[in-house]
Amino acid sequence: MKKYILILFLSINFIFGEAIAAHISDFELKGNINCSQFQLPVRLHIFQDIISNTSKDMRDIRIFDDKGTEIPYIIYTEFPPASTMQRFQWKIVSYDNDNGVQAFILEIPRGQEIFNKIYDELIISTHARDFKKNIEIFFSDDSINWEKKASGVIFDFSSQVDLRDTKIKIPGTSSKYLKVLMKDDNNQYNNNENVTLTYKDLFFSLKTQIRGAIKINYFESFLSRESSDLKRYDSFTISNPESFVDKDGNTIVKLGCINLPAEKISLRLKNLYYYREVQLWTADKDKEDDKSSKFLGKGYIYKIPSIEKENKSIDFNGSKQRCFKLKIINGDNPQVSIEEVKIEWTKRNLYFIPENGREYRMFFKGKNLALPKYELGLIIPYNYDELMRYSECSITEITKNEEYNPKTDPNLKAKFERYLFISVMLVLVCLLAFWIFTLIKKINPEDLDK
């Protein structure tokens with residue numbers, strides 16, 4: 001009996017644990033790969049049409065050569081390590097406050113390595129609240145000759161709404177000195193230009209801002225390599241997306257089943273001003289009443305009169321989802337009019353080693369495929385600098401795979417496997433029960449009395 005039970009266990013393992021190798025006929029789409037370098041690792045950009053036609057973890061991608069041999073690969077997200085950016089605080093050399101203008105002379109601290117590096121942002125740290133200041137920034141390499149290079153505004157409305165920004169973008173530079181001039185925006189106190197917004201118990205007015213000097217804790221920036229385009233994005237734009245208003249007055253924007261990752265979503269609205277919470281929801285199906293919808297995250301977009309800055313982008317976790325929809329919380333405010341939605345994600349690249357004299361094709365969009373396990377991840381470990389030095393290949397126009405052979409519907413296959421597993425387990429339980437029953441029958445009742 002033990003022998004039969006062992007055979008049954010081995011059969012279960014064979015049925016449900018066997019990994020089936022992929023074949024060219026398993027994939028619906030293909031593309032020819034063009035490379036100019038061989039015998040060394042190469043880089044292949046995984047663009048939108050490939051990502052949107054693969055599974056969530058892109059397990060249904062394979063590369064085959066002209067002999068039909070499966071070629072190992074590894075996929076990495078193109079993101080530089082944190083060590084490529086270095087935070088530092090500026091040394092405040094001098095300070096002056098003349099006629100309401102706060103003037104700071106800043107110097108990069110001695111010992112701070114800046115060779116072949118730049119900074120492109122100035123962050124102003126202050127505990128002050130309810131202010132709006134105009135900023136002018138000048139560059140210098142000797143603290144004598146100054147050139148105006150940037151201007152902007154910093155503000156805080158936190159006593160009224162969750163809105164604060166104390167960062168100024170500047171042209172990328174390695175200048176040793178900065179001069180920062182900070183003053184009130186006198187235009188905001190003009191009665192004709194003041195804006196007052198009221199929503200339920202929320203009151204917002206530019207006139208409530210505090211005038212005069214504010215205390216600055218410190219200034220800081222981040223040094224990075226001169227290649228400022230460290231993190232590069234791919235994007236997909238939807239013009240005039242479909243939208244409707246739900247029973248609570250919120251605007252629901254249907255982005256469709258685009259099957260893409262979403263690290264950043266930007267909206268372009270026609271409204272003159274707004275401050276709205278935007279929620280991102282995902283689902284497996286593009287239905288209004290889909291109960292499988294999951295909340296992914298939220299953020300705020302705003303555009304306020306007399307403030308040059310506006311925020312129309314929200315960062316999310318970037319996980320790949322099949323369908324997306326946005327929920328814009330309107331409250332009692334007018335509905336938003338959406339012109340465009342742009343979805344962005346960090347570039348993905350595939351790496352493999354082509355042999356000289358061979359031709360290669362990528363196949364993708366398959367069903368019921370196991371995640372490939374290649375050793376190439378050990379041979380080509382993630383090192384941003386090294387990966388970016390590899391020669392780049394390209395993929396020609398994506399076409400249908402003529403050899404594609406559709407297999408059983410995955411839903412039917414899953415049901416069959418589930419019922420088969422239940423049947424096998426029932427047989428196993430019956431065999432175990434019969435075995436225990438035979439053992440009990442073999443027990444001598446007289447032995448139990450002893």
# chains A, B, ... in the order shown; residues from 1 in each chain; ligands from 1

$ residues_around --residues "A:Glu310" --least-positions-apart "5" --cutoff "10 Å" --atoms "only C-alpha atoms" --output "PDB file with N, CA and C atoms, in the first residue's frame"
ATOM      1  N   TYR A 273      -8.068  77.658 -12.475  1.00  0.00           N
ATOM      2  CA  TYR A 273      -7.429  77.373 -11.201  1.00  0.00           C
ATOM      3  C   TYR A 273      -8.094  76.150 -10.582  1.00  0.00           C
ATOM      4  N   TYR A 274      -7.343  75.472  -9.718  1.00  0.00           N
ATOM      5  CA  TYR A 274      -7.865  74.271  -9.058  1.00  0.00           C
ATOM      6  C   TYR A 274      -6.887  73.824  -7.971  1.00  0.00           C
ATOM      7  N   TYR A 275      -7.407  73.060  -7.049  1.00  0.00           N
ATOM      8  CA  TYR A 275      -6.620  72.352  -6.034  1.00  0.00           C
ATOM      9  C   TYR A 275      -7.409  71.092  -5.714  1.00  0.00           C
ATOM     10  N   ILE A 301      -2.978  67.971  -7.233  1.00  0.00           N
ATOM     11  CA  ILE A 301      -2.599  68.862  -8.329  1.00  0.00           C
ATOM     12  C   ILE A 301      -3.179  70.233  -8.021  1.00  0.00           C
ATOM     13  N   TYR A 302      -2.482  71.286  -8.464  1.00  0.00           N
ATOM     14  CA  TYR A 302      -2.984  72.623  -8.178  1.00  0.00           C
ATOM     15  C   TYR A 302      -2.491  73.624  -9.218  1.00  0.00           C
ATOM     16  N   LYS A 303      -3.269  74.634  -9.382  1.00  0.00           N
ATOM     17  CA  LYS A 303      -2.924  75.806 -10.181  1.00  0.00           C
ATOM     18  C   LYS A 303      -3.643  76.980  -9.544  1.00  0.00           C
ATOM     19  N   ILE A 304      -2.860  77.919  -9.001  1.00  0.00           N
ATOM     20  CA  ILE A 304      -3.438  79.019  -8.235  1.00  0.00           C
ATOM     21  C   ILE A 304      -3.044  80.341  -8.878  1.00  0.00           C
ATOM     22  N   PRO A 305      -3.999  81.240  -9.090  1.00  0.00           N
ATOM     23  CA  PRO A 305      -3.688  82.537  -9.700  1.00  0.00           C
ATOM     24  C   PRO A 305      -2.614  83.285  -8.921  1.00  0.00           C
TER      25      PRO A 305
END

$ residues_around --residues "stretch 375-389 of chain A" --least-positions-apart "3" --cutoff "9 Å" --atoms "only C-alpha atoms" --output "compact mmCIF listing (two decimals) with N, CA and C atoms, in the first residue's frame"
# COMPACT_ATOMS: atom_id res chain seq x y z
N PRO A 41 27.95 41.76 -24.05
CA PRO A 41 26.57 42.12 -23.70
C PRO A 41 26.07 43.31 -24.49
N VAL A 42 24.79 43.29 -24.85
CA VAL A 42 24.16 44.39 -25.56
C VAL A 42 22.88 44.77 -24.82
N ARG A 43 22.39 45.98 -25.11
CA ARG A 43 21.21 46.52 -24.45
C ARG A 43 20.07 46.66 -25.46
N PRO A 72 19.44 33.15 -23.26
CA PRO A 72 19.24 33.77 -21.93
C PRO A 72 19.29 35.29 -21.99
N TYR A 73 18.56 35.94 -21.08
CA TYR A 73 18.56 37.40 -21.01
C TYR A 73 18.27 37.81 -19.57
N ILE A 74 18.45 39.10 -19.31
CA ILE A 74 18.09 39.69 -18.02
C ILE A 74 17.51 41.07 -18.28
N ILE A 75 16.46 41.45 -17.54
CA ILE A 75 15.82 42.76 -17.70
C ILE A 75 16.10 43.60 -16.46
N TYR A 76 16.58 44.83 -16.68
CA TYR A 76 16.82 45.76 -15.59
C TYR A 76 16.07 47.07 -15.85
N GLU A 78 16.13 51.01 -15.75
CA GLU A 78 17.21 51.97 -15.92
C GLU A 78 17.13 53.06 -14.85
N PHE A 79 17.72 52.76 -13.72
CA PHE A 79 17.67 53.72 -12.61
C PHE A 79 19.03 53.77 -11.93
N PRO A 80 19.64 54.95 -11.83
CA PRO A 80 20.98 55.05 -11.25
C PRO A 80 20.96 54.81 -9.75
N PRO A 81 22.03 54.31 -9.19
CA PRO A 81 22.08 54.11 -7.73
C PRO A 81 22.05 55.44 -7.00
N TYR A 351 19.06 42.75 -21.54
CA TYR A 351 20.46 42.52 -21.86
C TYR A 351 20.67 41.05 -22.21
N PHE A 352 21.43 40.81 -23.30
CA PHE A 352 21.81 39.46 -23.66
C PHE A 352 23.13 39.52 -24.42
N GLU A 392 23.78 49.41 -27.95
CA GLU A 392 22.32 49.28 -27.96
C GLU A 392 21.83 48.65 -29.27

$ closest_residue --among "A:Arg59, A:His45, A:Lys133, A:Lys342" --to "A:Ile265" --atoms "only C-alpha atoms"
A:Lys342

$ closest_residue --among "A:Ala213, A:Asp120, A:Lys309, A:Glu242" --to "A:Val153" --atoms "only C-alpha atoms"
A:Lys309

$ residues_around --residues "stretch 27-34 of chain A" --least-positions-apart "2" --cutoff "7 Å" --atoms "only C-alpha atoms" --output "number ranges by chain"
A: 24-25, 36, 360-366, 393-401, 404

$ write_last_selection --atoms "C-alpha atoms" --output "PDB file, in the first residue's frame"
ATOM      1  CA  ILE A  24       8.368  29.795 -30.739  1.00  0.00           C
ATOM      2  CA  SER A  25       4.775  28.681 -31.368  1.00  0.00           C
ATOM      3  CA  SER A  36      26.082  45.959 -34.387  1.00  0.00           C
ATOM      4  CA  TYR A 360      17.972  36.987 -33.282  1.00  0.00           C
ATOM      5  CA  ARG A 361      14.273  37.574 -32.811  1.00  0.00           C
ATOM      6  CA  MET A 362      12.224  38.511 -29.772  1.00  0.00           C
ATOM      7  CA  PHE A 363       8.951  36.680 -29.178  1.00  0.00           C
ATOM      8  CA  PHE A 364       6.356  37.802 -26.636  1.00  0.00           C
ATOM      9  CA  LYS A 365       2.697  37.732 -25.594  1.00  0.00           C
ATOM     10  CA  GLY A 366       2.265  34.121 -24.554  1.00  0.00           C
ATOM     11  CA  CYS A 393      20.359  47.014 -30.299  1.00  0.00           C
ATOM     12  CA  SER A 394      17.009  47.801 -31.875  1.00  0.00           C
ATOM     13  CA  ILE A 395      13.815  45.930 -32.723  1.00  0.00           C
ATOM     14  CA  THR A 396      12.175  46.266 -36.110  1.00  0.00           C
ATOM     15  CA  GLU A 397       8.444  46.652 -36.559  1.00  0.00           C
ATOM     16  CA  ILE A 398       6.471  44.234 -34.413  1.00  0.00           C
ATOM     17  CA  THR A 399       4.455  41.696 -36.410  1.00  0.00           C
ATOM     18  CA  LYS A 400       2.260  38.661 -35.839  1.00  0.00           C
ATOM     19  CA  ASN A 401       4.051  35.372 -35.311  1.00  0.00           C
ATOM     20  CA  TYR A 404       1.779  30.925 -33.194  1.00  0.00           C
TER      21      TYR A 404
END

$ select_by_dssp --residues "stretch 220-343 of chain A" --states "strand (DSSP E or B)" --output "PyMOL selection string"
chain A and resi 220-225+233-239+242-245+251-256+260-261+264-269+274-283+294-303+310-311+313-315+320-321+323-329+338-343

$ closest_atom_pairs --of "stretch 210-256 of chain A" --to "stretch 46-53 of chain A" --cutoff "10 Å" --atoms "only C-alpha atoms" --output "Markdown table"
| residue | atom | partner | partner_atom | distance |
| --- | --- | --- | --- | --- |
| A:Asp234 | CA | A:Phe47 | CA | 7.4 |
| A:Ser235 | CA | A:Gln48 | CA | 7.9 |
| A:Phe236 | CA | A:Gln48 | CA | 7.7 |

$ select_by_dssp --residues "stretch 41-175 of chain A" --states "alpha helix (DSSP H)" --output "list in words"
Gln48, Asp49, Ile50 and Ile51 of chain A

$ write_last_selection --atoms "all heavy atoms" --output "PDB file, in the first residue's frame"
ATOM      1  N   GLN A  48       7.039  50.584 -25.098  1.00  0.00           N
ATOM      2  CA  GLN A  48       5.642  50.466 -24.696  1.00  0.00           C
ATOM      3  C   GLN A  48       4.914  49.292 -25.343  1.00  0.00           C
ATOM      4  O   GLN A  48       4.201  48.539 -24.672  1.00  0.00           O
ATOM      5  CB  GLN A  48       4.891  51.757 -25.027  1.00  0.00           C
ATOM      6  CG  GLN A  48       3.392  51.685 -24.760  1.00  0.00           C
ATOM      7  CD  GLN A  48       2.626  52.724 -25.515  1.00  0.00           C
ATOM      8  OE1 GLN A  48       3.130  53.820 -25.746  1.00  0.00           O
ATOM      9  NE2 GLN A  48       1.406  52.407 -25.921  1.00  0.00           N
ATOM     10  N   ASP A  49       5.051  49.115 -26.665  1.00  0.00           N
ATOM     11  CA  ASP A  49       4.308  48.060 -27.361  1.00  0.00           C
ATOM     12  C   ASP A  49       4.672  46.667 -26.847  1.00  0.00           C
ATOM     13  O   ASP A  49       3.856  45.748 -26.927  1.00  0.00           O
ATOM     14  CB  ASP A  49       4.565  48.138 -28.867  1.00  0.00           C
ATOM     15  CG  ASP A  49       3.891  49.344 -29.502  1.00  0.00           C
ATOM     16  OD1 ASP A  49       2.974  49.893 -28.858  1.00  0.00           O
ATOM     17  OD2 ASP A  49       4.269  49.738 -30.611  1.00  0.00           O
ATOM     18  N   ILE A  50       5.884  46.522 -26.342  1.00  0.00           N
ATOM     19  CA  ILE A  50       6.288  45.224 -25.780  1.00  0.00           C
ATOM     20  C   ILE A  50       5.718  45.063 -24.377  1.00  0.00           C
ATOM     21  O   ILE A  50       5.122  44.035 -24.038  1.00  0.00           O
ATOM     22  CB  ILE A  50       7.825  45.094 -25.764  1.00  0.00           C
ATOM     23  CG1 ILE A  50       8.375  45.161 -27.189  1.00  0.00           C
ATOM     24  CG2 ILE A  50       8.244  43.792 -25.083  1.00  0.00           C
ATOM     25  CD1 ILE A  50       9.891  45.154 -27.265  1.00  0.00           C
ATOM     26  N   ILE A  51       5.882  46.092 -23.545  1.00  0.00           N
ATOM     27  CA  ILE A  51       5.405  46.010 -22.161  1.00  0.00           C
ATOM     28  C   ILE A  51       3.896  45.781 -22.108  1.00  0.00           C
ATOM     29  O   ILE A  51       3.402  44.953 -21.334  1.00  0.00           O
ATOM     30  CB  ILE A  51       5.777  47.290 -21.395  1.00  0.00           C
ATOM     31  CG1 ILE A  51       7.294  47.421 -21.271  1.00  0.00           C
ATOM     32  CG2 ILE A  51       5.148  47.293 -20.004  1.00  0.00           C
ATOM     33  CD1 ILE A  51       7.755  48.672 -20.573  1.00  0.00           C
TER      34      ILE A  51
END

$ residues_around --residues "A:Val336" --least-positions-apart "5" --cutoff "12 Å" --atoms "only C-alpha atoms" --output "count of residues only"
27

$ atom_distance --atom1 "atom CA of A:Thr54" --atom2 "atom CA of A:Gln39"
28.0 Å

$ closest_residue --among "A:Arg62, A:Lys132, A:Lys167, A:Lys176" --to "A:Pro109" --atoms "only C-alpha atoms"
A:Lys176
